[in-house]
Amino acid sequence: MKISFPNGDIREFPSGSSGMHIAESISPGLARNALGIVVDNTTLDLSTPITNDASVRILTFSDEEGRQIFWHSSAHLMAEAIQELYPGVKFTIGPPIENGFYYDIDLPEGKKITPEDFPAIEQKMKELAKANARFERIEIAWEDAVTYYRERDNKFKLELLDEFKGEQITFYRQGEFSDLCRGTHVPSTAAIKYAKILSVAGAYWRGDSDREMLTRLYGVSYPKKQMLEEDLHRREEAERRDHRKLGKQLEIFTITQEVGSGLPLWLPNGTVLRRTLENFLRSEQAKRGYHEVLTPHIGHLDLYKTSGHYPYYADSQYSPIAVDDDEYLLKPMNCPHHHMIYSSKPRSYRDLPLRLSEFGNVYRYEQSGELNGISRTRGFTVDDAHIYCTQEDVKNELKSVVELVTYVFGTFGLEASTRLSFRDDNEEKYGGEIALWDHAQQVLKEVADEMQLDYGIDEGEAAFYGPKIDFVVRDAIGRKWQLGTVQIDYVMPERFNLEYVGSDNAKHRPVIIHRAPFGSMERFISILIEHFAGNFPFWLAPVQISILPIGGDQHNYAQSLNDRLRALGYRVELDLRNEKISRKIAESEQQKIPFALVIGQKEVEADSVSLREHTVGNKGLLPLNEALALFAGLSTPGAQQVA
């Protein structure tokens with residue numbers, strides 16, 4: 001059989017050769033580090049025989065798919081350790097996640113796991129890993145799997161098996177542990193050298209608050225000790241930067257049960273932060289010919305039926321509201337409202353492209369266990385825009401949007417990569433004609449190639465109405481976040497019967513481009529808080545300058561300075577309290593205010609200030625005009641990078 005490799009090489013192997021055999025033929029080092037293999041886009045165990053011509057890719061820990069395999073196997077290893085330490089435990093699901101793995105377990109009556117128990121579990125995992133037990137894939141009949149879990153009184157696995165009836169049932173076994181699992185897994189436990197249990201939490205079975213409460217153990221593992229140490233350091237840094245903690249410390253937002261879970265209240269500092277971000281994007285959009293609009297918080301249910309959002313997203317929407325004899329819906333997205341604005345009057349090709357933008361409030365139902373500060377909320381604001389254009393303008397408009405999104409992320413020092421999200425063969429998931437989808441995907445790919453974007457293609461990740469470019473940003477500590485999107489849409493113009501009159505005097509369908517650089521304003525701000533660790537650049541900081549007079553004799557000078565700076569548009573906090581200057585400075589530092597102006601008698605007499613820069617310290621005596629020039633130079637978006 002002929003095997004094709006990513007570098008273009010084609011080599012012949014005996015039919016039935018395994019992934020491990022192929023890895024060994026390339027190099028002993030690759031074989032030692034190999035974790036799995038991708039055969040014609042399907043991820044398989046290294047032990048799987050390959051019988052036909054195929055393209056293959058050997059996976060190691062440096063590959064995202066390789067890490068997922070490694071962490072999936074680590075979840076099984078952790079489960080085996082728990083099985084030995086807590087006889088009678090019942091297992092439910094144990095998947096890999098973005099940065100590690102977890103397992104949901106049902107502990108025997110009277111048993112619980114606390115952080116004090118983590119070292120014992122880690123030690124047992126280490127012992128089991130050294131045993132070098134092979135991960136074996138076992139195909140069994142559905143009836144035999146049911147018998148296996150009935151004997152163990154595991155209702156959770158039996159419930160899963162009910163859903164898998166008629167499918168091929170596979171178990172994986174390593175050592176004394178067997179689990180219902182589709183795979184893929186590493187060759188043996190010996191690969192999992194360094195593991196750490198991170199936390200324990202409660203989790204409802206299948207995320208349903210009416211079901212059983214389980215114990216969820218989170219962990220992470222690596223093939224090298226240094227990798228684990230670096231990861232733990234990143235997690236410590238992430239904890240220090242946690243937006244929920246900093247949001248409270250910096251008085252940015254609050255969430256109360258009286259208002260409701262997932263419904264943040266923006267405090268004055270947070271409101272300034274939001275408005276500054278909005279004004280930054282408004283300014284950039286104005287330069288590019290956008291028109292800002294406003295739409296209501298609810299809409300007639302038929303509007304969302306026309307778009308397909310209802311009942312397509314019914315699980316994430318609030319129940320319809322009865323008003324007179326009609327039904328309305330809390331707005332789950334802005335798109336249909338903008339389409340109504342487009343259709344509010346006849347359009348000509350001379351009116352296009354029409355770019356409508358809005359910072360629109362939307363509402364989605366999120367389960368309580370999924371809520372997380374302002375990064376996952378039930379009410380949030382989307383920096384939506386919809387561009388209605390002719391087919392001839394699509395590529396230029398797409399390029400302009402990509403440039404805008406890239407500029408926005410670069411302003412905040414966020415390194416962005418791109419991903420093209422295309423449709424798959426699931427016909428029920430997507431609307432519209434296949435031919436239009438194929439054309440839209442081709443256009444997106446051409447734009448990505450012409451702009452020399454470094455991208456991958458994810459099939460099955462498109463929106464139901466069109467393919468998209470997703471932007472993934474890397475923050476100051478290396479974490480990745482999926483943020484802005486750009487989508488091309490041939491479906492909604494058909495559903496809403498949108499038209500324009502072309503130069504031929506005939507009616508045509510416009511193409512819609514959806515875009516949101518920030519995405520959710522709430523989530524974007526949560527990422528910014530953690531990216532900057534609360535040390536916002538001068539232009540963005542809610543309070544830019546604190547004025548700290550040493551004593552009462554300097555109050556008049558400090559007040560006049562405060563008035564002058566405010567008149568120039570700076571956000572200033574004047575501290576006239578009868579407190580020691582050391583305490584005023586400490587509190588200014590705690591609030592992460594970029595600059596503090598310390599005013600003593602010497603500063604008054606010299607019409608100057610003693611300048612302190614946050615995290616840097618005393619910069620010395622500075623004439624007032626030089627301080628003003630410094631502030632002016634830092635007032636442009638992007639003028640300061642991450643501290």
# chains A, B, ... in the order shown; residues from 1 in each chain; ligands from 1
call {"tool": "residues_around", "arguments": {"residues": "Trp205 of chain A", "least_positions_apart": "2", "cutoff": "9 Å", "atoms": "only C-alpha atoms", "output": "ChimeraX atom specification"}}
result
/A:92,104,156,203,207-214
call {"tool": "residues_around", "arguments": {"residues": "Arg474 of chain A", "least_positions_apart": "3", "cutoff": "9 Å", "atoms": "only C-alpha atoms", "output": "ChimeraX atom specification"}}
result
/A:414-417,477-481
call {"tool": "write_last_selection", "arguments": {"atoms": "C-alpha atoms", "output": "PDB file, in the first residue's frame"}}
result
ATOM      1  CA  LEU A 414      -3.203  40.329  21.191  1.00  0.00           C
ATOM      2  CA  GLU A 415      -1.530  38.011  18.713  1.00  0.00           C
ATOM      3  CA  ALA A 416      -4.221  36.646  16.372  1.00  0.00           C
ATOM      4  CA  SER A 417      -4.380  33.558  14.177  1.00  0.00           C
ATOM      5  CA  ILE A 477       0.452  34.350  29.248  1.00  0.00           C
ATOM      6  CA  GLY A 478      -0.004  32.269  26.114  1.00  0.00           C
ATOM      7  CA  ARG A 479      -3.656  31.252  26.473  1.00  0.00           C
ATOM      8  CA  LYS A 480      -5.782  31.071  23.329  1.00  0.00           C
ATOM      9  CA  TRP A 481      -9.240  32.608  23.019  1.00  0.00           C
TER      10      TRP A 481
END
call {"tool": "closest_atom_pairs", "arguments": {"of": "segment 509-628 of chain A", "to": "segment 396-410 of chain A", "cutoff": "9 Å", "atoms": "only C-alpha atoms", "output": "JSON lines"}}
result
{"residue": "A:Ile513", "atom": "CA", "partner": "A:Leu398", "partner_atom": "CA", "distance": 7.5}
{"residue": "A:Arg515", "atom": "CA", "partner": "A:Val401", "partner_atom": "CA", "distance": 7.4}
{"residue": "A:Ala516", "atom": "CA", "partner": "A:Val405", "partner_atom": "CA", "distance": 8.2}
{"residue": "A:Pro517", "atom": "CA", "partner": "A:Val405", "partner_atom": "CA", "distance": 5.2}
{"residue": "A:Phe518", "atom": "CA", "partner": "A:Val405", "partner_atom": "CA", "distance": 8.3}
call {"tool": "residues_around", "arguments": {"residues": "Glu127 of chain A", "least_positions_apart": "6", "cutoff": "12 Å", "atoms": "only C-alpha atoms", "output": "VMD selection string"}}
result
chain A and resid 77 to 78 80 to 81 84 120 to 121 133 175 189 to 190 192 to 195
call {"tool": "select_by_dssp", "arguments": {"residues": "segment 336-426 of chain A", "states": "alpha helix (DSSP H)", "output": "PyMOL selection string"}}
result
chain A and resi 336-342+394-411
call {"tool": "closest_residue", "arguments": {"among": "A:Leu273, A:Leu35, A:Leu232, A:Leu85", "to": "Phe135 of chain A", "atoms": "only C-alpha atoms"}}
result
A:Leu35
call {"tool": "residues_around", "arguments": {"residues": "Pro296 of chain A", "least_positions_apart": "4", "cutoff": "12 Å", "atoms": "only C-alpha atoms", "output": "list in words"}}
result
His300, Tyr328, Leu329, Leu330, Lys331, Pro332, Met333, Asn334, Pro336, His337, His338, Glu358, Phe359, Gly360, Asn361, Val362 and Tyr363 of chain A
call {"tool": "residues_around", "arguments": {"residues": "Glu167 of chain A", "least_positions_apart": "3", "cutoff": "12 Å", "atoms": "only C-alpha atoms", "output": "mmCIF file with C-alpha atoms, in the first residue's frame"}}
result
data_model
loop_
_atom_site.group_PDB
_atom_site.id
_atom_site.type_symbol
_atom_site.label_atom_id
_atom_site.label_comp_id
_atom_site.auth_asym_id
_atom_site.auth_seq_id
_atom_site.Cartn_x
_atom_site.Cartn_y
_atom_site.Cartn_z
ATOM 1 C CA GLU A 139 -14.983 -4.378 20.530
ATOM 2 C CA ILE A 140 -17.920 -6.052 22.263
ATOM 3 C CA ALA A 141 -21.599 -6.633 21.643
ATOM 4 C CA TRP A 142 -24.034 -4.049 22.988
ATOM 5 C CA GLU A 143 -25.739 -6.706 25.113
ATOM 6 C CA ALA A 145 -21.672 -4.063 27.553
ATOM 7 C CA LEU A 160 -25.183 6.142 27.724
ATOM 8 C CA LEU A 161 -25.468 2.665 26.255
ATOM 9 C CA ASP A 162 -29.186 3.197 25.639
ATOM 10 C CA GLU A 163 -28.176 6.022 23.297
ATOM 11 C CA PHE A 164 -25.521 3.911 21.580
ATOM 12 C CA THR A 170 -15.839 -0.321 22.218
ATOM 13 C CA ARG A 182 -14.425 5.358 21.596
#
call {"tool": "residues_around", "arguments": {"residues": "Ile37 of chain A", "least_positions_apart": "6", "cutoff": "8 Å", "atoms": "only C-alpha atoms", "output": "list in words"}}
result
Gly19, Thr43, Leu44, Asp45, Leu46, Val56, Arg57, Ile58 and Leu59 of chain A
call {"tool": "atom_distance", "arguments": {"atom1": "atom CA of Arg32 of chain A", "atom2": "atom CA of Ser73 of chain A"}}
result
16.5 Å
call {"tool": "closest_residue", "arguments": {"among": "A:Leu277, A:Gly534, A:Leu561, A:Pro549", "to": "Thr615 of chain A", "atoms": "only C-alpha atoms"}}
result
A:Gly534
call {"tool": "atom_distance", "arguments": {"atom1": "atom CA of Pro311 of chain A", "atom2": "atom CA of Lys468 of chain A"}}
result
22.0 Å
call {"tool": "residues_around", "arguments": {"residues": "Arg495 of chain A", "least_positions_apart": "4", "cutoff": "7 Å", "atoms": "only C-alpha atoms", "output": "compact mmCIF listing (two decimals) with N, CA and C atoms, in the first residue's frame"}}
result
# COMPACT_ATOMS: atom_id res chain seq x y z
N THR A 306 -38.53 33.30 10.94
CA THR A 306 -38.09 33.57 9.56
C THR A 306 -36.59 33.36 9.42
N SER A 307 -35.84 33.86 10.39
CA SER A 307 -34.38 33.73 10.32
C SER A 307 -33.92 32.30 10.54
N VAL A 491 -27.77 32.83 2.89
CA VAL A 491 -29.03 32.21 3.33
C VAL A 491 -30.05 33.25 3.76
call {"tool": "select_by_dssp", "arguments": {"residues": "segment 472-515 of chain A", "states": "strand (DSSP E)", "output": "PyMOL selection string"}}
result
chain A and resi 472-474+480-489+500-501+507-508+511-515
call {"tool": "atom_distance", "arguments": {"atom1": "atom CA of Arg347 of chain A", "atom2": "atom CA of Lys395 of chain A"}}
result
20.7 Å
call {"tool": "closest_atom_pairs", "arguments": {"of": "segment 575-624 of chain A", "to": "segment 243-265 of chain A", "cutoff": "10 Å", "atoms": "only C-alpha atoms", "output": "JSON lines"}}
result
{"residue": "A:Gln590", "atom": "CA", "partner": "A:Gln249", "partner_atom": "CA", "distance": 8.2}
{"residue": "A:Gln591", "atom": "CA", "partner": "A:Leu250", "partner_atom": "CA", "distance": 5.7}
{"residue": "A:Lys592", "atom": "CA", "partner": "A:Leu250", "partner_atom": "CA", "distance": 7.8}
{"residue": "A:Ile593", "atom": "CA", "partner": "A:Leu250", "partner_atom": "CA", "distance": 9.6}
call {"tool": "decode", "arguments": {"residues": "segment 518-576 of chain A", "atoms": "C-alpha atoms", "output": "PDB file, in the first residue's frame"}}
result
ATOM      1  CA  PHE A 518     -14.908  42.079  20.006  1.00  0.00           C
ATOM      2  CA  GLY A 519     -17.679  39.490  19.924  1.00  0.00           C
ATOM      3  CA  SER A 520     -19.282  39.707  23.339  1.00  0.00           C
ATOM      4  CA  MET A 521     -18.172  42.963  24.982  1.00  0.00           C
ATOM      5  CA  GLU A 522     -18.410  41.254  28.363  1.00  0.00           C
ATOM      6  CA  ARG A 523     -16.193  38.340  27.356  1.00  0.00           C
ATOM      7  CA  PHE A 524     -13.721  40.613  25.561  1.00  0.00           C
ATOM      8  CA  ILE A 525     -13.352  42.795  28.654  1.00  0.00           C
ATOM      9  CA  SER A 526     -12.850  39.714  30.844  1.00  0.00           C
ATOM     10  CA  ILE A 527     -10.006  38.692  28.524  1.00  0.00           C
ATOM     11  CA  LEU A 528      -8.523  42.206  28.543  1.00  0.00           C
ATOM     12  CA  ILE A 529      -8.584  42.331  32.350  1.00  0.00           C
ATOM     13  CA  GLU A 530      -6.595  39.092  32.481  1.00  0.00           C
ATOM     14  CA  HIS A 531      -4.373  39.956  29.509  1.00  0.00           C
ATOM     15  CA  PHE A 532      -3.270  43.220  31.134  1.00  0.00           C
ATOM     16  CA  ALA A 533      -3.553  41.817  34.690  1.00  0.00           C
ATOM     17  CA  GLY A 534      -5.654  44.916  35.387  1.00  0.00           C
ATOM     18  CA  ASN A 535      -2.751  47.187  34.368  1.00  0.00           C
ATOM     19  CA  PHE A 536      -4.611  48.844  31.508  1.00  0.00           C
ATOM     20  CA  PRO A 537      -2.711  51.101  29.126  1.00  0.00           C
ATOM     21  CA  PHE A 538      -3.123  54.798  29.806  1.00  0.00           C
ATOM     22  CA  TRP A 539      -5.650  55.458  27.020  1.00  0.00           C
ATOM     23  CA  LEU A 540      -7.925  52.652  28.262  1.00  0.00           C
ATOM     24  CA  ALA A 541      -7.583  52.892  32.054  1.00  0.00           C
ATOM     25  CA  PRO A 542     -10.851  53.836  33.845  1.00  0.00           C
ATOM     26  CA  VAL A 543      -8.849  56.257  36.022  1.00  0.00           C
ATOM     27  CA  GLN A 544      -5.729  57.520  34.283  1.00  0.00           C
ATOM     28  CA  ILE A 545      -4.206  59.868  36.846  1.00  0.00           C
ATOM     29  CA  SER A 546      -4.446  60.197  40.605  1.00  0.00           C
ATOM     30  CA  ILE A 547      -3.540  63.528  42.223  1.00  0.00           C
ATOM     31  CA  LEU A 548      -2.126  63.078  45.723  1.00  0.00           C
ATOM     32  CA  PRO A 549      -1.439  66.232  47.741  1.00  0.00           C
ATOM     33  CA  ILE A 550       0.779  65.635  50.773  1.00  0.00           C
ATOM     34  CA  GLY A 551      -1.122  68.057  53.014  1.00  0.00           C
ATOM     35  CA  GLY A 552      -3.807  70.706  53.184  1.00  0.00           C
ATOM     36  CA  ASP A 553      -1.465  73.468  52.025  1.00  0.00           C
ATOM     37  CA  GLN A 554      -1.344  71.843  48.593  1.00  0.00           C
ATOM     38  CA  HIS A 555      -5.121  71.338  48.169  1.00  0.00           C
ATOM     39  CA  ASN A 556      -5.707  74.477  46.100  1.00  0.00           C
ATOM     40  CA  TYR A 557      -2.912  73.627  43.646  1.00  0.00           C
ATOM     41  CA  ALA A 558      -4.113  70.018  43.475  1.00  0.00           C
ATOM     42  CA  GLN A 559      -7.693  71.141  42.823  1.00  0.00           C
ATOM     43  CA  SER A 560      -6.662  73.500  40.039  1.00  0.00           C
ATOM     44  CA  LEU A 561      -4.525  70.732  38.495  1.00  0.00           C
ATOM     45  CA  ASN A 562      -7.477  68.355  38.719  1.00  0.00           C
ATOM     46  CA  ASP A 563      -9.739  70.877  36.960  1.00  0.00           C
ATOM     47  CA  ARG A 564      -7.169  71.502  34.227  1.00  0.00           C
ATOM     48  CA  LEU A 565      -6.622  67.807  33.510  1.00  0.00           C
ATOM     49  CA  ARG A 566     -10.349  67.090  33.447  1.00  0.00           C
ATOM     50  CA  ALA A 567     -10.880  70.000  31.039  1.00  0.00           C
ATOM     51  CA  LEU A 568      -8.320  68.339  28.757  1.00  0.00           C
ATOM     52  CA  GLY A 569     -10.386  65.139  28.843  1.00  0.00           C
ATOM     53  CA  TYR A 570      -8.321  63.027  31.220  1.00  0.00           C
ATOM     54  CA  ARG A 571      -9.928  60.742  33.783  1.00  0.00           C
ATOM     55  CA  VAL A 572      -8.610  61.962  37.114  1.00  0.00           C
ATOM     56  CA  GLU A 573      -9.079  61.049  40.763  1.00  0.00           C
ATOM     57  CA  LEU A 574      -8.282  63.734  43.344  1.00  0.00           C
ATOM     58  CA  ASP A 575      -7.465  62.426  46.833  1.00  0.00           C
ATOM     59  CA  LEU A 576      -7.941  65.206  49.408  1.00  0.00           C
TER      60      LEU A 576
END
